[in-house]
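**Q** Data file coords-v7.pdb (PDB, C-alpha atoms) is appended below.
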ATOM      1  CA  MET A  30      71.327 -76.956  25.324
ATOM      2  CA  ASN A  31      69.851 -78.483  28.429
ATOM      3  CA  ALA A  32      66.169 -78.917  29.061
ATOM      4  CA  SER A  33      65.847 -76.140  31.627
ATOM      5  CA  ARG A  34      67.372 -73.550  29.278
ATOM      6  CA  ARG A  35      65.023 -74.604  26.441
ATOM      7  CA  THR A  36      62.079 -74.299  28.746
ATOM      8  CA  ALA A  37      63.106 -70.790  29.798
ATOM      9  CA  LEU A  38      63.554 -69.654  26.187
ATOM     10  CA  PHE A  39      60.184 -71.090  25.216
ATOM     11  CA  SER A  40      58.526 -69.221  28.068
ATOM     12  CA  VAL A  41      60.139 -65.925  26.995
ATOM     13  CA  ALA A  42      59.085 -66.466  23.367
ATOM     14  CA  ALA A  43      55.533 -67.326  24.371
ATOM     15  CA  SER A  44      55.300 -64.239  26.583
ATOM     16  CA  ALA A  45      56.542 -62.022  23.747
ATOM     17  CA  ALA A  46      54.048 -63.528  21.311
ATOM     18  CA  LEU A  47      51.205 -63.020  23.760
ATOM     19  CA  ALA A  48      52.221 -59.383  24.317
ATOM     20  CA  LEU A  49      52.307 -58.717  20.589
ATOM     21  CA  SER A  50      48.883 -60.330  20.175
ATOM     22  CA  LEU A  51      47.382 -58.228  22.934
ATOM     23  CA  SER A  52      48.907 -55.086  21.473
ATOM     24  CA  ALA A  53      47.455 -55.878  18.061
ATOM     25  CA  CYS A  54      44.007 -56.481  19.522
ATOM     26  CA  GLN A  55      44.147 -53.262  21.483
ATOM     27  CA  SER A  56      45.287 -51.340  18.412
ATOM     28  CA  GLY A  57      42.395 -52.793  16.383
ATOM     29  CA  GLU A  58      39.832 -51.854  19.001
ATOM     30  CA  GLY A  59      41.254 -48.348  19.171
ATOM     31  CA  ALA A  60      40.949 -48.021  15.431
ATOM     32  CA  LYS A  61      37.381 -49.223  15.569
ATOM     33  CA  ALA A  62      36.572 -46.802  18.366
ATOM     34  CA  GLU A  63      38.136 -43.952  16.430
ATOM     35  CA  GLY A  64      36.319 -44.932  13.267
ATOM     36  CA  ALA A  65      32.956 -45.018  15.072
ATOM     37  CA  ALA A  66      33.515 -41.662  16.719
ATOM     38  CA  ALA A  67      34.350 -39.890  13.461
ATOM     39  CA  PRO A  68      30.771 -39.844  12.038
ATOM     40  CA  VAL A  69      29.433 -38.667  15.408
ATOM     41  CA  ALA A  70      31.908 -35.815  15.587
ATOM     42  CA  LYS A  71      31.262 -34.885  11.937
ATOM     43  CA  GLY A  72      27.509 -34.959  12.432
ATOM     44  CA  THR A  73      27.777 -32.809  15.530
ATOM     45  CA  VAL A  74      29.854 -30.188  13.735
ATOM     46  CA  SER A  75      27.497 -30.176  10.731
ATOM     47  CA  ALA A  76      24.431 -29.572  12.884
ATOM     48  CA  SER A  77      26.142 -26.823  14.830
ATOM     49  CA  ALA A  78      27.257 -25.089  11.637
ATOM     50  CA  SER A  79      23.837 -25.361  10.030
ATOM     51  CA  ALA A  80      21.978 -23.784  12.926
ATOM     52  CA  PRO A  81      23.729 -20.398  12.805
ATOM     53  CA  ALA A  82      23.612 -20.414   9.007
ATOM     54  CA  ALA A  83      19.850 -20.996   8.988
ATOM     55  CA  ALA A  84      19.332 -18.369  11.639
ATOM     56  CA  ALA A  85      21.368 -15.849   9.689
ATOM     57  CA  GLY A  86      19.690 -16.759   6.412
ATOM     58  CA  THR A  87      23.068 -17.343   4.687
ATOM     59  CA  SER A  88      24.701 -20.388   3.120
ATOM     60  CA  THR A  89      28.013 -21.895   4.254
ATOM     61  CA  GLY A  90      28.217 -24.378   1.374
ATOM     62  CA  ASN A  91      27.255 -27.267   3.691
ATOM     63  CA  ASP A  92      23.633 -26.201   4.266
ATOM     64  CA  THR A  93      20.962 -28.511   2.929
ATOM     65  CA  GLY A  94      18.394 -27.367   0.418
ATOM     66  CA  SER A  95      15.647 -27.556   3.010
ATOM     67  CA  GLY A  96      17.579 -25.355   5.406
ATOM     68  CA  THR A  97      18.048 -22.664   2.776
ATOM     69  CA  SER A  98      14.415 -22.707   1.641
ATOM     70  CA  THR A  99      13.230 -22.433   5.238
ATOM     71  CA  ALA A 100      15.291 -19.305   5.811
ATOM     72  CA  VAL A 101      14.175 -17.742   2.530
ATOM     73  CA  GLY A 102      10.565 -18.712   3.165
ATOM     74  CA  THR A 103      10.686 -16.999   6.536
ATOM     75  CA  ALA A 104      12.087 -13.850   4.953
ATOM     76  CA  HIS A 105       9.352 -13.816   2.286
ATOM     77  CA  LYS A 106       6.721 -14.308   4.952
ATOM     78  CA  ALA A 107       8.078 -11.339   6.877
ATOM     79  CA  ASP A 108       8.113  -9.208   3.732
ATOM     80  CA  SER A 109       4.542 -10.247   2.966
ATOM     81  CA  THR A 110       3.428  -9.325   6.447
ATOM     82  CA  SER A 111       5.191  -5.999   6.182
ATOM     83  CA  SER A 112       3.555  -5.273   2.823
ATOM     84  CA  GLY A 113       0.167  -6.197   4.228
ATOM     85  CA  ALA A 114       0.700  -3.793   7.103
ATOM     86  CA  LYS A 115       1.589  -0.994   4.689
ATOM     87  CA  LYS A 116      -1.499  -1.649   2.606
ATOM     88  CA  GLY A 117      -3.622  -1.687   5.712
ATOM     89  CA  THR A 118      -2.419   1.825   6.657
ATOM     90  CA  ALA A 119      -3.307   3.501   3.331
ATOM     91  CA  THR A 120      -4.809   7.004   3.503
ATOM     92  CA  PRO A 121      -8.601   6.703   3.929
ATOM     93  CA  ARG A 122     -10.991   8.519   1.623
ATOM     94  CA  CYS A 123     -12.527  11.753   2.809
ATOM     95  CA  ARG A 124     -16.156  11.440   3.822
ATOM     96  CA  ALA A 125     -18.878  14.054   4.150
ATOM     97  CA  GLN A 126     -18.196  14.401   7.868
ATOM     98  CA  ASP A 127     -14.507  15.113   7.205
ATOM     99  CA  VAL A 128     -14.891  18.181   4.991
ATOM    100  CA  LYS A 129     -16.739  21.476   4.646
ATOM    101  CA  VAL A 130     -17.778  22.285   1.059
ATOM    102  CA  SER A 131     -18.445  25.799  -0.231
ATOM    103  CA  SER A 132     -18.879  27.402  -3.663
ATOM    104  CA  GLU A 133     -17.984  30.721  -5.238
ATOM    105  CA  ARG A 134     -18.569  32.232  -8.655
ATOM    106  CA  GLN A 135     -15.693  32.424 -11.099
ATOM    107  CA  ASP A 136     -15.074  35.221 -13.638
ATOM    108  CA  GLY A 137     -17.711  37.866 -14.311
ATOM    109  CA  PRO A 138     -21.163  37.988 -15.920
ATOM    110  CA  PRO A 139     -22.418  35.800 -17.349
ATOM    111  CA  TYR A 140     -21.242  33.499 -14.581
ATOM    112  CA  THR A 141     -20.620  30.231 -16.347
ATOM    113  CA  HIS A 142     -18.433  28.475 -13.754
ATOM    114  CA  ILE A 143     -18.162  28.020 -10.022
ATOM    115  CA  ILE A 144     -15.295  26.746  -7.888
ATOM    116  CA  LEU A 145     -16.078  24.204  -5.181
ATOM    117  CA  THR A 146     -13.752  24.145  -2.195
ATOM    118  CA  ALA A 147     -13.671  21.193   0.198
ATOM    119  CA  ARG A 148     -11.597  21.850   3.319
ATOM    120  CA  ASN A 149     -10.472  19.008   5.555
ATOM    121  CA  THR A 150     -11.976  19.817   8.950
ATOM    122  CA  SER A 151     -11.155  16.439  10.499
ATOM    123  CA  GLY A 152      -8.126  15.690  12.612
ATOM    124  CA  HIS A 153      -6.601  13.208  10.174
ATOM    125  CA  ARG A 154      -5.322  12.922   6.606
ATOM    126  CA  CYS A 155      -7.758  11.792   3.946
ATOM    127  CA  GLU A 156      -7.959  11.487   0.166
ATOM    128  CA  MET A 157     -10.423  13.443  -1.971
ATOM    129  CA  ALA A 158     -10.949  10.701  -4.522
ATOM    130  CA  GLY A 159     -12.362  11.158  -8.012
ATOM    131  CA  PHE A 160     -14.833  13.982  -8.614
ATOM    132  CA  PRO A 161     -17.962  15.258  -6.827
ATOM    133  CA  HIS A 162     -21.228  13.644  -7.880
ATOM    134  CA  ILE A 163     -23.355  16.763  -8.275
ATOM    135  CA  GLN A 164     -27.071  17.189  -8.851
ATOM    136  CA  PHE A 165     -28.216  20.765  -9.380
ATOM    137  CA  LEU A 166     -31.935  20.296  -9.970
ATOM    138  CA  GLU A 167     -34.642  18.045  -8.617
ATOM    139  CA  SER A 168     -35.956  17.699 -12.158
ATOM    140  CA  HIS A 169     -32.600  16.299 -13.378
ATOM    141  CA  LYS A 170     -31.431  13.339 -11.318
ATOM    142  CA  GLN A 171     -28.375  12.564 -13.448
ATOM    143  CA  ASP A 172     -24.970  13.436 -12.002
ATOM    144  CA  VAL A 173     -23.026  16.207 -13.695
ATOM    145  CA  PRO A 174     -20.584  14.577 -16.202
ATOM    146  CA  SER A 175     -16.872  14.686 -15.374
ATOM    147  CA  VAL A 176     -14.005  15.932 -17.547
ATOM    148  CA  ALA A 177     -11.295  13.264 -17.854
ATOM    149  CA  LYS A 178      -8.427  15.647 -18.658
ATOM    150  CA  SER A 179      -8.769  17.286 -15.247
ATOM    151  CA  LYS A 180      -7.944  14.055 -13.385
ATOM    152  CA  PRO A 181      -4.713  14.623 -11.411
ATOM    153  CA  ALA A 182      -1.697  12.357 -11.899
ATOM    154  CA  VAL A 183      -1.377  11.663  -8.157
ATOM    155  CA  PRO A 184      -3.998  11.195  -5.418
ATOM    156  CA  THR A 185      -5.384  14.375  -3.860
ATOM    157  CA  VAL A 186      -4.459  13.828  -0.210
ATOM    158  CA  LEU A 187      -5.379  16.477   2.366
ATOM    159  CA  ASN A 188      -3.779  17.081   5.716
ATOM    160  CA  PRO A 189      -6.038  18.557   8.403
ATOM    161  CA  GLY A 190      -6.973  22.083   7.328
ATOM    162  CA  ASP A 191      -5.960  21.632   3.668
ATOM    163  CA  PRO A 192      -8.398  22.461   0.818
ATOM    164  CA  ALA A 193      -9.192  20.665  -2.442
ATOM    165  CA  PHE A 194     -10.742  22.389  -5.450
ATOM    166  CA  VAL A 195     -13.049  21.553  -8.335
ATOM    167  CA  LEU A 196     -14.061  23.688 -11.321
ATOM    168  CA  VAL A 197     -17.717  23.214 -12.311
ATOM    169  CA  LYS A 198     -19.298  24.493 -15.520
ATOM    170  CA  LEU A 199     -22.882  25.780 -15.222
ATOM    171  CA  SER A 200     -23.725  26.877 -18.765
ATOM    172  CA  ASP A 201     -22.351  28.360 -21.982
ATOM    173  CA  GLY A 202     -23.465  31.828 -20.918
ATOM    174  CA  GLY A 203     -25.904  32.285 -23.790
ATOM    175  CA  VAL A 204     -29.042  34.419 -23.347
ATOM    176  CA  ASP A 205     -31.147  31.848 -25.171
ATOM    177  CA  GLU A 206     -30.095  28.897 -23.053
ATOM    178  CA  ASP A 207     -32.574  26.888 -21.045
ATOM    179  CA  ASN A 208     -31.262  28.040 -17.674
ATOM    180  CA  GLU A 209     -32.797  27.493 -14.286
ATOM    181  CA  VAL A 210     -31.970  29.366 -11.091
ATOM    182  CA  VAL A 211     -30.387  27.193  -8.406
ATOM    183  CA  ASN A 212     -30.193  28.488  -4.831
ATOM    184  CA  ALA A 213     -28.904  25.213  -3.366
ATOM    185  CA  PHE A 214     -27.659  21.923  -4.728
ATOM    186  CA  GLN A 215     -26.295  18.661  -3.422
ATOM    187  CA  LEU A 216     -23.344  16.376  -3.986
ATOM    188  CA  VAL A 217     -21.804  13.177  -2.658
ATOM    189  CA  LEU A 218     -18.133  12.261  -2.442
ATOM    190  CA  GLU A 219     -16.545   9.281  -4.134
ATOM    191  CA  GLY A 220     -17.140   6.155  -2.064
ATOM    192  CA  ASP A 221     -19.536   7.862   0.352
ATOM    193  CA  SER A 222     -23.331   7.924   0.422
ATOM    194  CA  ALA A 223     -23.874  10.912   2.708
ATOM    195  CA  VAL A 224     -25.385  13.915   0.907
ATOM    196  CA  ILE A 225     -23.667  17.301   1.227
ATOM    197  CA  ALA A 226     -25.918  20.349   0.740
ATOM    198  CA  VAL A 227     -24.280  23.450  -0.747
ATOM    199  CA  ASP A 228     -25.833  26.920  -0.454
ATOM    200  CA  SER A 229     -25.620  28.858  -3.730
ATOM    201  CA  SER A 230     -28.182  31.586  -3.033
ATOM    202  CA  ALA A 231     -25.670  34.433  -2.824
ATOM    203  CA  GLY A 232     -26.028  36.897  -5.683
ATOM    204  CA  GLY A 233     -29.464  35.652  -6.629
ATOM    205  CA  GLY A 234     -28.505  32.017  -7.189
ATOM    206  CA  LEU A 235     -26.841  30.214 -10.084
ATOM    207  CA  ALA A 236     -28.130  30.101 -13.659
ATOM    208  CA  VAL A 237     -27.727  26.427 -14.603
ATOM    209  CA  ASP A 238     -28.294  24.729 -17.950
ATOM    210  CA  PRO A 239     -28.419  20.994 -17.118
ATOM    211  CA  ALA A 240     -27.451  20.089 -20.689
ATOM    212  CA  LYS A 241     -24.177  22.058 -20.463
ATOM    213  CA  THR A 242     -22.932  21.246 -16.965
ATOM    214  CA  LEU A 243     -19.523  19.632 -16.414
ATOM    215  CA  THR A 244     -17.300  18.999 -13.396
ATOM    216  CA  GLY A 245     -13.599  18.474 -12.929
ATOM    217  CA  TYR A 246     -11.779  16.187 -10.493
ATOM    218  CA  TRP A 247     -10.664  17.184  -7.009
ATOM    219  CA  THR A 248      -7.178  18.735  -7.078
ATOM    220  CA  THR A 249      -4.958  20.574  -4.609
ATOM    221  CA  GLU A 250      -4.953  23.604  -6.924
ATOM    222  CA  LEU A 251      -6.667  24.688 -10.126
ATOM    223  CA  ARG A 252      -4.416  24.238 -13.154
ATOM    224  CA  ASN A 253      -4.510  26.212 -16.366
ATOM    225  CA  GLY A 254      -5.397  24.017 -19.301
ATOM    226  CA  ALA A 255      -6.383  20.850 -17.453
ATOM    227  CA  ASP A 256      -9.170  22.657 -15.629
ATOM    228  CA  ASP A 257     -10.345  24.872 -18.484
ATOM    229  CA  PHE A 258     -13.579  23.567 -19.983
TER     230      PHE A 258
END
Please lay out the structure from this file as C-alpha cells.
**A**
Amino acid sequence: MNASRRTALFSVAASAALALSLSACQSGEGAKAEGAAAPVAKGTVSASASAPAAAAGTSTGNDTGSGTSTAVGTAHKADSTSSGAKKGTATPRCRAQDVKVSSERQDGPPYTHIILTARNTSGHRCEMAGFPHIQFLESHKQDVPSVAKSKPAVPTVLNPGDPAFVLVKLSDGGVDEDNEVVNAFQLVLEGDSAVIAVDSSAGGGLAVDPAKTLTGYWTTELRNGADDF
C-alpha cells in the first residue's frame, strides 16, 4: 500500500473517531440536561397538584402534612365563627318594657291562687326566663319561694303577642290564717331590675298569708300536676 493511500485511510479513520467522540459528548450532555430537568418538572407538578387539593380541603396522597392541617384548621375556624354567630343571635330575655303583666283569681272562695299573665307587647321574640320575683307586702321583703316541679323542660319563648303564665299561691284558705289584704304588689323578671307593679284591687283585693305563698315558673300554658301546689 502506497503512502498516499495510507494517509487517506488514516484521515477517514480519524474523522470517524472524532465524529463518534462528538456524538458521545452530545449524548452525555443531553442526558445531563434531561436529568436536571426532571426534578424541576416533578416539583412543578407537585406544587400544582397540592394547590387545588389544599383549596378543596381534600388529600390526593401527595399532600404534605402541613397542607392538610392548614385546610382542616381553616374549616375549624369557619365552624367556630359560625357557632359564635349562632350564639350571638340567641333569643334575648324579656324585660319589663317588653311585656304587660296582669293577674286574675283562680277557683272560687276562698281564693287561694292567682294566675299571672305576661303578654309580649314588643315587636320581637323574647324568653320569659325562670320565675317572677314577687313581693306582696312592704312588711315582707323576701321574694315568694318558687316551686321546682313547675319548671318547664324547654325555654318559654314568646313571639310578639304571645302570653306566658304563672300560678301563684296566696294562702291555704284557712279562716284562722294570718292574712293581709293586698290591693297591689310588685315583681321583677329574671335578669331584669325594673319593677313591674300589678293591680290586684278588683274584688276587694287579695288575702295573702306571706308564710304560705309560692310561685311557679313561667310557662306557655298551665299544666295539670306540675302547676298544682
**Q** As an exercise, work out the distance from atom CA of Arg148 of chain A to atom CA of Ser131 of chain A in Å and give it to one decimal place.
**A**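 According to the coordinates, atom CA of Arg148 of chain A and atom CA of Ser131 of chain A are separated by 8.7 Å.
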**Q** Env of Pro192 of chain A: 8 Å cut, atoms = only C-alpha atoms, seq-sep filter 6 positions within chain, self excluded. Answer as a list in words.
**A** Thr146, Ala147, Arg148, Asn149 and Thr249 of chain A
**Q** So which residues get picked by the PyMOL selection byres ((chain A and resi 187) around 8) here, written as a list in words?
**A**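 For this structure, the PyMOL selection byres ((chain A and resi 187) around 8) captures Asn149, Arg154, Cys155, Glu156, Met157, Thr185, Val186, Asn188, Pro189, Gly190, Asp191, Pro192 and Ala193 of chain A.
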**Q** Residues near segment 214-216 of chain A, anyone? I mean within 9 Å using all atoms listed in the file, not counting same-chain ones fewer than 5 positions away, as a list of chain:residue names.
**A**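 What passes the distance filter is A:Pro161, A:His162, A:Ile163, A:Gln164, A:Phe165, A:Leu166, A:Glu167, A:Asp172, A:Ala223, A:Val224, A:Ile225, A:Ala226, A:Val227, A:Asp228, A:Ser229.
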**Q** Keeping C-alpha atoms, export the residues of the selection given above as a short mmCIF file (atom, residue, chain, number, x, y, z; two decimals), in the coordinates of the input.
**A**
data_model
loop_
_atom_site.label_atom_id
_atom_site.label_comp_id
_atom_site.auth_asym_id
_atom_site.auth_seq_id
_atom_site.Cartn_x
_atom_site.Cartn_y
_atom_site.Cartn_z
CA PRO A 161 -17.96 15.26 -6.83
CA HIS A 162 -21.23 13.64 -7.88
CA ILE A 163 -23.36 16.76 -8.28
CA GLN A 164 -27.07 17.19 -8.85
CA PHE A 165 -28.22 20.76 -9.38
CA LEU A 166 -31.94 20.30 -9.97
CA GLU A 167 -34.64 18.05 -8.62
CA ASP A 172 -24.97 13.44 -12.00
CA ALA A 223 -23.87 10.91 2.71
CA VAL A 224 -25.38 13.92 0.91
CA ILE A 225 -23.67 17.30 1.23
CA ALA A 226 -25.92 20.35 0.74
CA VAL A 227 -24.28 23.45 -0.75
CA ASP A 228 -25.83 26.92 -0.45
CA SER A 229 -25.62 28.86 -3.73
#
**Q** Leaving out Val128 of chain A and any residue of its chain fewer than 2 positions from it, which residues lie within 8 Å of it when counting only C-alpha atoms, given as a PyMOL selection string?
**A** chain A and resi 123-126+130+147-151
**Q** Exactly which residues make up the result of the PyMOL selection byres ((chain A and resi 239) around 12) on this file, given as a VMD selection string?
**A** chain A and resid 163 to 174 197 to 201 206 to 211 235 to 238 240 to 244
**Q** Would you output that residue set with C-alpha atoms, as a compact mmCIF listing (two decimals), in the frame of the given file?
**A**
# COMPACT_ATOMS: atom_id res chain seq x y z
CA ILE A 163 -23.36 16.76 -8.28
CA GLN A 164 -27.07 17.19 -8.85
CA PHE A 165 -28.22 20.76 -9.38
CA LEU A 166 -31.94 20.30 -9.97
CA GLU A 167 -34.64 18.05 -8.62
CA SER A 168 -35.96 17.70 -12.16
CA HIS A 169 -32.60 16.30 -13.38
CA LYS A 170 -31.43 13.34 -11.32
CA GLN A 171 -28.38 12.56 -13.45
CA ASP A 172 -24.97 13.44 -12.00
CA VAL A 173 -23.03 16.21 -13.70
CA PRO A 174 -20.58 14.58 -16.20
CA VAL A 197 -17.72 23.21 -12.31
CA LYS A 198 -19.30 24.49 -15.52
CA LEU A 199 -22.88 25.78 -15.22
CA SER A 200 -23.72 26.88 -18.76
CA ASP A 201 -22.35 28.36 -21.98
CA GLU A 206 -30.10 28.90 -23.05
CA ASP A 207 -32.57 26.89 -21.04
CA ASN A 208 -31.26 28.04 -17.67
CA GLU A 209 -32.80 27.49 -14.29
CA VAL A 210 -31.97 29.37 -11.09
CA VAL A 211 -30.39 27.19 -8.41
CA LEU A 235 -26.84 30.21 -10.08
CA ALA A 236 -28.13 30.10 -13.66
CA VAL A 237 -27.73 26.43 -14.60
CA ASP A 238 -28.29 24.73 -17.95
CA ALA A 240 -27.45 20.09 -20.69
CA LYS A 241 -24.18 22.06 -20.46
CA THR A 242 -22.93 21.25 -16.96
CA LEU A 243 -19.52 19.63 -16.41
CA THR A 244 -17.30 19.00 -13.40
**Q** Padding 4 Å on every side, please: axis-aligned box over the listed atoms of segment 158-177 of chain A, centre and edge lengths to one decimal in Å, as JSON.
**A**
{"center_x": -23.5, "center_y": 15.7, "center_z": -11.2, "size_x": 33.0, "size_y": 18.1, "size_z": 21.3}
**Q** Just say which residues the PyMOL selection byres ((chain A and resi 247) around 7) picks in this file, as a PyMOL selection string.
**A** chain A and resi 157-160+185+193-195+245-246+248
**Q** Please indicate the distance in Å from atom CA of Glu133 of chain A to atom CA of Ser179 of chain A, rounded to one decimal place.
**A**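 About the pair atom CA of Glu133 of chain A and atom CA of Ser179 of chain A: they are 19.1 Å apart.
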**Q** In Å, how far is it from atom CA of Ala231 of chain A to atom CA of Asp256 of chain A?
**A** 24.0 Å
**Q** Of the residues A:Val183, A:Tyr140, A:Arg134, A:Arg122, which is the one nearest to Gly202 of chain A, using only C-alpha atoms?
**A** A:Tyr140
**Q** Please complete segment 180-199 of chain A with N, CA, C and O atoms and give it back as a CSV table (one decimal), in the coordinates of the input.
**A**
chain,number,residue,atom,x,y,z
A,180,LYS,N,-8.3,15.0,-14.4
A,180,LYS,CA,-7.9,14.1,-13.4
A,180,LYS,C,-6.5,14.2,-13.0
A,180,LYS,O,-5.6,14.2,-13.9
A,181,PRO,N,-6.1,14.4,-11.8
A,181,PRO,CA,-4.7,14.6,-11.4
A,181,PRO,C,-3.9,13.3,-11.6
A,181,PRO,O,-4.4,12.2,-11.5
A,182,ALA,N,-2.6,13.5,-11.7
A,182,ALA,CA,-1.7,12.4,-11.9
A,182,ALA,C,-1.5,11.6,-10.6
A,182,ALA,O,-1.1,10.4,-10.6
A,183,VAL,N,-1.6,12.3,-9.5
A,183,VAL,CA,-1.4,11.7,-8.2
A,183,VAL,C,-2.6,11.9,-7.3
A,183,VAL,O,-3.4,12.8,-7.5
A,184,PRO,N,-2.8,11.0,-6.3
A,184,PRO,CA,-4.0,11.2,-5.4
A,184,PRO,C,-4.0,12.6,-4.7
A,184,PRO,O,-3.0,13.1,-4.4
A,185,THR,N,-5.2,13.1,-4.5
A,185,THR,CA,-5.4,14.4,-3.9
A,185,THR,C,-5.6,14.1,-2.4
A,185,THR,O,-6.7,13.8,-1.9
A,186,VAL,N,-4.5,14.1,-1.6
A,186,VAL,CA,-4.5,13.8,-0.2
A,186,VAL,C,-4.4,15.1,0.6
A,186,VAL,O,-3.6,16.0,0.3
A,187,LEU,N,-5.3,15.3,1.6
A,187,LEU,CA,-5.4,16.5,2.4
A,187,LEU,C,-5.0,16.2,3.8
A,187,LEU,O,-5.4,15.3,4.5
A,188,ASN,N,-4.1,17.1,4.3
A,188,ASN,CA,-3.8,17.1,5.7
A,188,ASN,C,-4.9,17.9,6.4
A,188,ASN,O,-5.6,18.6,5.7
A,189,PRO,N,-5.0,17.8,7.7
A,189,PRO,CA,-6.0,18.6,8.4
A,189,PRO,C,-5.9,20.0,8.1
A,189,PRO,O,-4.8,20.6,8.2
A,190,GLY,N,-7.0,20.7,7.7
A,190,GLY,CA,-7.0,22.1,7.3
A,190,GLY,C,-6.7,22.4,5.9
A,190,GLY,O,-6.9,23.5,5.4
A,191,ASP,N,-6.3,21.4,5.1
A,191,ASP,CA,-6.0,21.6,3.7
A,191,ASP,C,-7.2,21.6,2.8
A,191,ASP,O,-8.2,20.9,3.1
A,192,PRO,N,-7.2,22.4,1.7
A,192,PRO,CA,-8.4,22.5,0.8
A,192,PRO,C,-8.1,21.7,-0.5
A,192,PRO,O,-7.0,21.5,-0.9
A,193,ALA,N,-9.2,21.2,-1.1
A,193,ALA,CA,-9.2,20.7,-2.4
A,193,ALA,C,-10.2,21.5,-3.3
A,193,ALA,O,-11.2,22.0,-2.7
A,194,PHE,N,-9.9,21.5,-4.6
A,194,PHE,CA,-10.7,22.4,-5.4
A,194,PHE,C,-11.3,21.6,-6.6
A,194,PHE,O,-10.7,20.6,-7.1
A,195,VAL,N,-12.4,22.1,-7.1
A,195,VAL,CA,-13.0,21.6,-8.3
A,195,VAL,C,-13.7,22.7,-9.1
A,195,VAL,O,-14.3,23.6,-8.6
A,196,LEU,N,-13.4,22.7,-10.4
A,196,LEU,CA,-14.1,23.7,-11.3
A,196,LEU,C,-15.3,23.0,-11.9
A,196,LEU,O,-15.3,21.9,-12.4
A,197,VAL,N,-16.4,23.7,-11.8
A,197,VAL,CA,-17.7,23.2,-12.3
A,197,VAL,C,-18.3,24.2,-13.3
A,197,VAL,O,-18.4,25.4,-13.0
A,198,LYS,N,-18.7,23.7,-14.5
A,198,LYS,CA,-19.3,24.5,-15.5
A,198,LYS,C,-20.8,24.5,-15.3
A,198,LYS,O,-21.4,23.4,-15.2
A,199,LEU,N,-21.4,25.7,-15.4
A,199,LEU,CA,-22.9,25.8,-15.2
A,199,LEU,C,-23.6,25.9,-16.5
A,199,LEU,O,-24.7,25.4,-16.7
